[in-house]
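Structure data follow from model-v5.cif (mmCIF, C-alpha atoms; chains and numbers go by the auth columns):
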```
data_run
loop_
_atom_site.group_PDB
_atom_site.id
_atom_site.type_symbol
_atom_site.label_atom_id
_atom_site.label_comp_id
_atom_site.label_asym_id
_atom_site.label_seq_id
_atom_site.Cartn_x
_atom_site.Cartn_y
_atom_site.Cartn_z
_atom_site.B_iso_or_equiv
_atom_site.auth_seq_id
_atom_site.auth_asym_id
ATOM 1 C CA MET A 1 11.321 97.081 1.708 0.00 25 A
ATOM 2 C CA ASP A 2 12.334 93.830 0.009 0.00 26 A
ATOM 3 C CA ILE A 3 9.916 91.334 -1.581 0.00 27 A
ATOM 4 C CA LEU A 4 9.794 88.980 1.472 0.00 28 A
ATOM 5 C CA GLU A 5 8.868 91.854 3.793 0.00 29 A
ATOM 6 C CA ARG A 6 6.149 92.976 1.394 0.00 30 A
ATOM 7 C CA ILE A 7 4.749 89.426 1.201 0.00 31 A
ATOM 8 C CA ALA A 8 4.880 89.145 5.012 0.00 32 A
ATOM 9 C CA ALA A 9 2.859 92.371 5.230 0.00 33 A
ATOM 10 C CA MET A 10 0.204 90.967 2.850 0.00 34 A
ATOM 11 C CA ILE A 11 -0.026 87.298 3.893 0.00 35 A
ATOM 12 C CA GLN A 12 -2.586 87.644 6.688 0.00 36 A
ATOM 13 C CA THR A 13 -5.047 89.432 4.392 0.00 37 A
ATOM 14 C CA GLU A 14 -4.444 86.882 1.635 0.00 38 A
ATOM 15 C CA PHE A 15 -4.925 84.021 4.133 0.00 39 A
ATOM 16 C CA GLN A 16 -8.467 85.242 4.922 0.00 40 A
ATOM 17 C CA LYS A 17 -9.296 85.264 1.196 0.00 41 A
ATOM 18 C CA LEU A 18 -8.327 81.621 0.572 0.00 42 A
ATOM 19 C CA PRO A 19 -11.167 79.178 -0.217 0.00 43 A
ATOM 20 C CA ILE A 20 -10.613 77.293 3.038 0.00 44 A
ATOM 21 C CA ALA A 21 -13.313 74.711 3.741 0.00 45 A
ATOM 22 C CA ALA A 22 -14.487 75.682 7.211 0.00 46 A
ATOM 23 C CA GLY A 23 -15.518 72.260 8.373 0.00 47 A
ATOM 24 C CA ARG A 24 -18.769 70.386 8.561 0.00 48 A
ATOM 25 C CA VAL A 25 -21.136 70.296 11.535 0.00 49 A
ATOM 26 C CA THR A 26 -22.465 66.892 12.572 0.00 50 A
ATOM 27 C CA ALA A 27 -24.992 66.241 15.338 0.00 51 A
ATOM 28 C CA GLN A 28 -25.820 62.993 17.130 0.00 52 A
ATOM 29 C CA PRO A 29 -28.647 62.158 17.072 0.00 53 A
ATOM 30 C CA SER A 30 -29.604 63.965 13.880 0.00 54 A
ATOM 31 C CA PRO A 31 -31.641 65.504 12.350 0.00 55 A
ATOM 32 C CA HIS A 32 -33.885 65.089 15.419 0.00 56 A
ATOM 33 C CA THR A 33 -32.860 65.258 19.050 0.00 57 A
ATOM 34 C CA LEU A 34 -34.702 65.444 22.363 0.00 58 A
ATOM 35 C CA ARG A 35 -35.331 68.376 24.664 0.00 59 A
ATOM 36 C CA GLY A 36 -33.398 67.953 27.921 0.00 60 A
ATOM 37 C CA ALA A 37 -30.936 65.418 26.497 0.00 61 A
ATOM 38 C CA GLU A 38 -27.288 65.877 25.536 0.00 62 A
ATOM 39 C CA THR A 39 -26.870 66.327 21.774 0.00 63 A
ATOM 40 C CA ASN A 40 -23.326 65.561 20.647 0.00 64 A
ATOM 41 C CA PHE A 41 -21.916 67.994 18.076 0.00 65 A
ATOM 42 C CA PHE A 42 -18.597 67.626 16.328 0.00 66 A
ATOM 43 C CA ALA A 43 -16.662 69.320 13.551 0.00 67 A
ATOM 44 C CA GLU A 44 -15.023 67.632 10.624 0.00 68 A
ATOM 45 C CA ALA A 45 -12.280 70.018 9.500 0.00 69 A
ATOM 46 C CA ALA A 46 -9.041 69.153 7.749 0.00 70 A
ATOM 47 C CA GLU A 47 -5.645 70.676 7.154 0.00 71 A
ATOM 48 C CA GLN A 48 -5.531 72.265 3.708 0.00 72 A
ATOM 49 C CA GLN A 49 -2.805 73.471 1.348 0.00 73 A
ATOM 50 C CA PHE A 50 -2.819 76.209 -1.270 0.00 74 A
ATOM 51 C CA ASP A 51 -0.367 77.446 -3.881 0.00 75 A
ATOM 52 C CA ILE A 52 -0.876 81.108 -4.712 0.00 76 A
ATOM 53 C CA LYS A 53 1.043 84.008 -6.220 0.00 77 A
ATOM 54 C CA ILE A 54 1.784 87.148 -4.245 0.00 78 A
ATOM 55 C CA LEU A 55 3.784 89.880 -5.966 0.00 79 A
ATOM 56 C CA ALA A 56 4.652 87.371 -8.730 0.00 80 A
ATOM 57 C CA GLN A 57 6.244 85.007 -6.173 0.00 81 A
ATOM 58 C CA ALA A 58 5.245 81.349 -5.574 0.00 82 A
ATOM 59 C CA VAL A 59 3.708 81.135 -2.090 0.00 83 A
ATOM 60 C CA HIS A 60 2.693 77.818 -0.537 0.00 84 A
ATOM 61 C CA VAL A 61 0.210 78.051 2.363 0.00 85 A
ATOM 62 C CA ASP A 62 -0.668 75.366 4.918 0.00 86 A
ATOM 63 C CA ALA A 63 -3.863 75.967 6.923 0.00 87 A
ATOM 64 C CA LYS A 64 -4.491 73.830 10.009 0.00 88 A
ATOM 65 C CA PRO A 65 -7.733 73.890 12.048 0.00 89 A
ATOM 66 C CA VAL A 66 -6.893 74.763 15.665 0.00 90 A
ATOM 67 C CA GLN A 67 -10.034 76.088 17.397 0.00 91 A
ATOM 68 C CA TYR A 68 -13.819 75.934 17.091 0.00 92 A
ATOM 69 C CA THR A 69 -16.766 78.063 18.190 0.00 93 A
ATOM 70 C CA TRP A 70 -20.249 76.555 18.248 0.00 94 A
ATOM 71 C CA ASN A 71 -23.436 78.625 18.036 0.00 95 A
ATOM 72 C CA TYR A 72 -26.226 76.238 19.001 0.00 96 A
ATOM 73 C CA GLY A 73 -29.008 78.412 17.561 0.00 97 A
ATOM 74 C CA ASP A 74 -30.849 78.916 20.849 0.00 98 A
ATOM 75 C CA GLY A 75 -28.832 81.895 22.065 0.00 99 A
ATOM 76 C CA THR A 76 -26.003 79.841 23.552 0.00 100 A
ATOM 77 C CA SER A 77 -22.532 79.241 22.210 0.00 101 A
ATOM 78 C CA LEU A 78 -19.322 77.448 23.148 0.00 102 A
ATOM 79 C CA GLY A 79 -15.785 78.479 22.310 0.00 103 A
ATOM 80 C CA PRO A 80 -13.417 79.192 20.944 0.00 104 A
ATOM 81 C CA GLN A 81 -12.042 75.917 22.180 0.00 105 A
ATOM 82 C CA ASN A 82 -9.433 73.449 20.966 0.00 106 A
ATOM 83 C CA SER A 83 -11.711 70.403 20.770 0.00 107 A
ATOM 84 C CA ALA A 84 -13.484 69.564 17.512 0.00 108 A
ATOM 85 C CA GLY A 85 -15.394 66.878 19.380 0.00 109 A
ATOM 86 C CA GLY A 86 -15.951 63.491 17.798 0.00 110 A
ATOM 87 C CA PRO A 87 -18.559 60.886 16.985 0.00 111 A
ATOM 88 C CA LEU A 88 -20.040 58.598 19.629 0.00 112 A
ATOM 89 C CA PRO A 89 -21.280 55.048 19.030 0.00 113 A
ATOM 90 C CA GLN A 90 -25.072 55.001 18.868 0.00 114 A
ATOM 91 C CA ASP A 91 -25.389 53.190 22.197 0.00 115 A
ATOM 92 C CA ARG A 92 -23.648 56.181 23.872 0.00 116 A
ATOM 93 C CA TRP A 93 -25.804 58.957 22.356 0.00 117 A
ATOM 94 C CA GLY A 94 -27.062 61.208 25.121 0.00 118 A
ATOM 95 C CA GLU A 95 -23.703 61.295 26.977 0.00 119 A
ATOM 96 C CA LYS A 96 -22.119 64.627 27.844 0.00 120 A
ATOM 97 C CA THR A 97 -19.124 65.485 25.628 0.00 121 A
ATOM 98 C CA ALA A 98 -16.782 68.476 25.322 0.00 122 A
ATOM 99 C CA THR A 99 -18.994 69.878 22.537 0.00 123 A
ATOM 100 C CA SER A 100 -22.471 68.606 23.464 0.00 124 A
ATOM 101 C CA HIS A 101 -25.446 70.813 24.234 0.00 125 A
ATOM 102 C CA ILE A 102 -28.797 70.437 26.003 0.00 126 A
ATOM 103 C CA TYR A 103 -31.775 72.215 24.441 0.00 127 A
ATOM 104 C CA VAL A 104 -34.428 73.370 26.904 0.00 128 A
ATOM 105 C CA GLN A 105 -37.049 74.248 24.276 0.00 129 A
ATOM 106 C CA THR A 106 -38.498 72.352 21.335 0.00 130 A
ATOM 107 C CA GLY A 107 -38.250 73.658 17.774 0.00 131 A
ATOM 108 C CA ASP A 108 -35.864 73.933 14.860 0.00 132 A
ATOM 109 C CA PHE A 109 -32.450 75.439 15.576 0.00 133 A
ATOM 110 C CA SER A 110 -29.684 76.439 13.137 0.00 134 A
ATOM 111 C CA VAL A 111 -26.337 75.272 14.488 0.00 135 A
ATOM 112 C CA ALA A 112 -23.362 77.217 13.147 0.00 136 A
ATOM 113 C CA LEU A 113 -19.660 76.477 13.444 0.00 137 A
ATOM 114 C CA THR A 114 -16.723 78.856 13.104 0.00 138 A
ATOM 115 C CA THR A 115 -13.387 77.144 12.599 0.00 139 A
ATOM 116 C CA TYR A 116 -10.160 79.020 13.305 0.00 140 A
ATOM 117 C CA PHE A 117 -7.172 78.090 11.169 0.00 141 A
ATOM 118 C CA GLN A 118 -3.514 78.740 11.917 0.00 142 A
ATOM 119 C CA GLY A 119 -1.316 79.073 8.866 0.00 143 A
ATOM 120 C CA THR A 120 2.256 78.843 7.720 0.00 144 A
ATOM 121 C CA TYR A 121 3.682 79.890 4.370 0.00 145 A
ATOM 122 C CA THR A 122 6.798 79.494 2.281 0.00 146 A
ATOM 123 C CA VAL A 123 8.015 81.772 -0.489 0.00 147 A
ATOM 124 C CA ASN A 124 9.690 80.139 -3.501 0.00 148 A
ATOM 125 C CA GLY A 125 10.360 76.950 -1.505 0.00 149 A
ATOM 126 C CA GLY A 126 12.020 78.756 1.404 0.00 150 A
ATOM 127 C CA PRO A 127 11.600 77.975 5.106 0.00 151 A
ATOM 128 C CA PRO A 128 8.087 77.833 6.599 0.00 152 A
ATOM 129 C CA LEU A 129 7.033 81.041 8.310 0.00 153 A
ATOM 130 C CA PRO A 130 4.033 81.555 10.620 0.00 154 A
ATOM 131 C CA ILE A 131 1.088 83.617 9.441 0.00 155 A
ATOM 132 C CA PRO A 132 0.224 86.077 12.228 0.00 156 A
ATOM 133 C CA GLY A 133 -3.167 85.602 13.865 0.00 157 A
ATOM 134 C CA GLN A 134 -5.793 83.108 12.791 0.00 158 A
ATOM 135 C CA GLY A 135 -8.196 82.891 9.900 0.00 159 A
ATOM 136 C CA GLN A 136 -11.871 82.449 10.802 0.00 160 A
ATOM 137 C CA PHE A 137 -14.139 80.507 8.470 0.00 161 A
ATOM 138 C CA SER A 138 -17.826 79.732 9.018 0.00 162 A
ATOM 139 C CA SER A 139 -19.660 76.585 7.975 0.00 163 A
ATOM 140 C CA PRO A 140 -23.164 76.653 6.557 0.00 164 A
ATOM 141 C CA PRO A 141 -25.617 76.162 9.447 0.00 165 A
ATOM 142 C CA GLN A 142 -27.221 72.785 10.058 0.00 166 A
ATOM 143 C CA THR A 143 -30.815 72.585 11.256 0.00 167 A
ATOM 144 C CA VAL A 144 -31.520 70.409 14.279 0.00 168 A
ATOM 145 C CA SER A 145 -35.124 69.663 15.256 0.00 169 A
ATOM 146 C CA VAL A 146 -35.620 69.366 19.001 0.00 170 A
ATOM 147 C CA TRP A 147 -38.570 67.251 20.063 0.00 171 A
ATOM 148 C CA ARG A 148 -40.067 66.365 23.403 0.00 172 A
ATOM 149 C CA SER A 149 -40.673 62.831 24.545 0.00 173 A
ATOM 150 C CA ILE A 150 -43.243 61.396 26.897 0.00 174 A
ATOM 151 C CA THR A 151 -42.513 58.278 28.902 0.00 175 A
ATOM 152 C CA ARG A 152 -45.307 56.184 30.322 0.00 176 A
ATOM 153 C CA ASN A 153 -45.062 53.060 32.400 0.00 177 A
ATOM 154 C CA TYR A 154 -47.705 50.351 32.063 0.00 178 A
ATOM 155 C CA ALA A 155 -48.320 47.274 34.186 0.00 179 A
ATOM 156 C CA ASP A 156 -49.750 45.212 31.299 0.00 180 A
ATOM 157 C CA ASP A 157 -47.670 42.633 29.450 0.00 181 A
ATOM 158 C CA CYS A 158 -48.536 42.907 25.732 0.00 182 A
ATOM 159 C CA LEU A 159 -47.837 39.199 25.172 0.00 183 A
ATOM 160 C CA GLN A 160 -50.342 38.182 27.857 0.00 184 A
ATOM 161 C CA ASN A 161 -52.835 40.978 27.194 0.00 185 A
ATOM 162 C CA PRO A 162 -52.459 42.373 23.607 0.00 186 A
ATOM 163 C CA GLU A 163 -55.310 44.810 24.253 0.00 187 A
ATOM 164 C CA GLY A 164 -53.634 46.264 27.382 0.00 188 A
ATOM 165 C CA GLN A 165 -52.777 49.935 27.775 0.00 189 A
ATOM 166 C CA GLY A 166 -49.678 50.930 25.790 0.00 190 A
ATOM 167 C CA CYS A 167 -49.722 47.814 23.595 0.00 191 A
ATOM 168 C CA PRO A 168 -49.701 48.204 19.801 0.00 192 A
ATOM 169 C CA GLY A 169 -53.260 48.025 18.524 0.00 193 A
ATOM 170 C CA ALA A 170 -54.783 48.715 21.926 0.00 194 A
ATOM 171 C CA PRO A 171 -57.680 51.158 22.009 0.00 195 A
ATOM 172 C CA PRO A 172 -56.596 54.710 22.931 0.00 196 A
ATOM 173 C CA THR A 173 -56.969 55.697 26.540 0.00 197 A
ATOM 174 C CA SER A 174 -58.836 58.761 27.661 0.00 198 A
ATOM 175 C CA ARG A 175 -57.336 61.180 30.131 0.00 199 A
#
```
This entry written out as structure tokens:
Amino acid sequence: MDILERIAAMIQTEFQKLPIAAGRVTAQPSPHTLRGAETNFFAEAAEQQFDIKILAQAVHVDAKPVQYTWNYGDGTSLGPQNSAGGPLPQDRWGEKTATSHIYVQTGDFSVALTTYFQGTYTVNGGPPLPIPGQGQFSSPPQTVSVWRSITRNYADDCLQNPEGQGCPGAPPTSR
């Protein structure tokens, strides 16, 4: 077996050992969201390059994020899927996205992300070759606090009646 065949046999194992940054989990809104509302999650993962030695040969590795699996911390997950999601402007928070999730319970949940990377490698500056399979790398979990909200409608106008129900400074109402 020549040196290139031996490297090809080892590259997938070496790929899993690389210090690939898995990606960062971001939630909108964060760190608090509401029960029953869409919470937008997205991954920030980047293509990465590494120069390593295998069997005393110079090996250059390119790792590109290609798929994502979300574990929302409440027993549900999504993926693997191709979409990393993306940020929404604040006035659109609460919209359904390809990576959003609705929590049905209140509490603190640890959201975890696994990013799958596809790799290519070159040996001593040769042609790029695909690394078989994908490398899986997990991000540190992010805690999201899910709260409940209560909406009340009042007939009083706080400008006309500052002491009216629901107005700031109004006496509390009894139930």
Worksheet entry | Residue neighbourhood segment 152-168 of chain A, 7 Å, all atoms listed in the file, exclusion window fewer than 3 positions, as a PyMOL selection string | chain A and resi 35-36+39-40+46-49+54-56+132-146
Would you output that residue set with C-alpha atoms, as a PDB file, keeping the file's coordinate frame?
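Saved result, out.pdb, follows:
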```pdb
ATOM      1  CA  ILE A  35      -0.026  87.298   3.893  1.00  0.00           C
ATOM      2  CA  GLN A  36      -2.586  87.644   6.688  1.00  0.00           C
ATOM      3  CA  PHE A  39      -4.925  84.021   4.133  1.00  0.00           C
ATOM      4  CA  GLN A  40      -8.467  85.242   4.922  1.00  0.00           C
ATOM      5  CA  ALA A  46     -14.487  75.682   7.211  1.00  0.00           C
ATOM      6  CA  GLY A  47     -15.518  72.260   8.373  1.00  0.00           C
ATOM      7  CA  ARG A  48     -18.769  70.386   8.561  1.00  0.00           C
ATOM      8  CA  VAL A  49     -21.136  70.296  11.535  1.00  0.00           C
ATOM      9  CA  SER A  54     -29.604  63.965  13.880  1.00  0.00           C
ATOM     10  CA  PRO A  55     -31.641  65.504  12.350  1.00  0.00           C
ATOM     11  CA  HIS A  56     -33.885  65.089  15.419  1.00  0.00           C
ATOM     12  CA  ASP A 132     -35.864  73.933  14.860  1.00  0.00           C
ATOM     13  CA  PHE A 133     -32.450  75.439  15.576  1.00  0.00           C
ATOM     14  CA  SER A 134     -29.684  76.439  13.137  1.00  0.00           C
ATOM     15  CA  VAL A 135     -26.337  75.272  14.488  1.00  0.00           C
ATOM     16  CA  ALA A 136     -23.362  77.217  13.147  1.00  0.00           C
ATOM     17  CA  LEU A 137     -19.660  76.477  13.444  1.00  0.00           C
ATOM     18  CA  THR A 138     -16.723  78.856  13.104  1.00  0.00           C
ATOM     19  CA  THR A 139     -13.387  77.144  12.599  1.00  0.00           C
ATOM     20  CA  TYR A 140     -10.160  79.020  13.305  1.00  0.00           C
ATOM     21  CA  PHE A 141      -7.172  78.090  11.169  1.00  0.00           C
ATOM     22  CA  GLN A 142      -3.514  78.740  11.917  1.00  0.00           C
ATOM     23  CA  GLY A 143      -1.316  79.073   8.866  1.00  0.00           C
ATOM     24  CA  THR A 144       2.256  78.843   7.720  1.00  0.00           C
ATOM     25  CA  TYR A 145       3.682  79.890   4.370  1.00  0.00           C
ATOM     26  CA  THR A 146       6.798  79.494   2.281  1.00  0.00           C
TER      27      THR A 146
END
```
Practice prompt. Name the residues captured by the PyMOL selection byres ((chain A and resi 100-107) around 12) when it is applied to the shown file; answer as a PyMOL selection string.
Written response: chain A and resi 65-69+89-99+108-110+121-128+133-141+158+160
Practice prompt. Check what the PyMOL selection byres ((chain A and resi 78) around 12) selects in the file above and give those residues as a list in words.
Written response: Ile27, Leu28, Glu29, Arg30, Ile31, Ala32, Ala33, Met34, Ile35, Gln36, Thr37, Glu38, Phe39, Asp75, Ile76, Lys77, Leu79, Ala80, Gln81, Ala82, Val83, His84, Val85, Tyr145, Thr146, Val147 and Asn148 of chain A
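Using only C-alpha atoms, the protein and nucleic acid residues lying at most 10 Å from the point (-55.9, 47.9, 32.0) are Tyr178, Ala179, Asp180, Asn185, Glu187, Gly188, Gln189, Gly190 and Thr197 of chain A.
The smallest atom-to-atom distance between Glu119 of chain A and any of A:Gln184, A:Gln52, A:Gln72, A:Asn177, using only C-alpha atoms, is found for A:Gln52.
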Fill in: Neighbour list for Ile174 of chain A as a ChimeraX atom specification, cut-off 12 Å, all atoms listed in the file, skip fewer than 3 positions in-chain
/A:58-60,171,177
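One distance worth recording is that between atom CA of Thr50 of chain A and atom CA of Gln73 of chain A, which is 23.6 Å.
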Worksheet item: So what do you get for atom CA of Lys88 of chain A versus atom CA of Leu112 of chain A, distance-wise?
Response: 23.8 Å
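Taking atom CA of Gly193 of chain A as the reference point, atom CA of Val170 of chain A is found at 27.7 Å.
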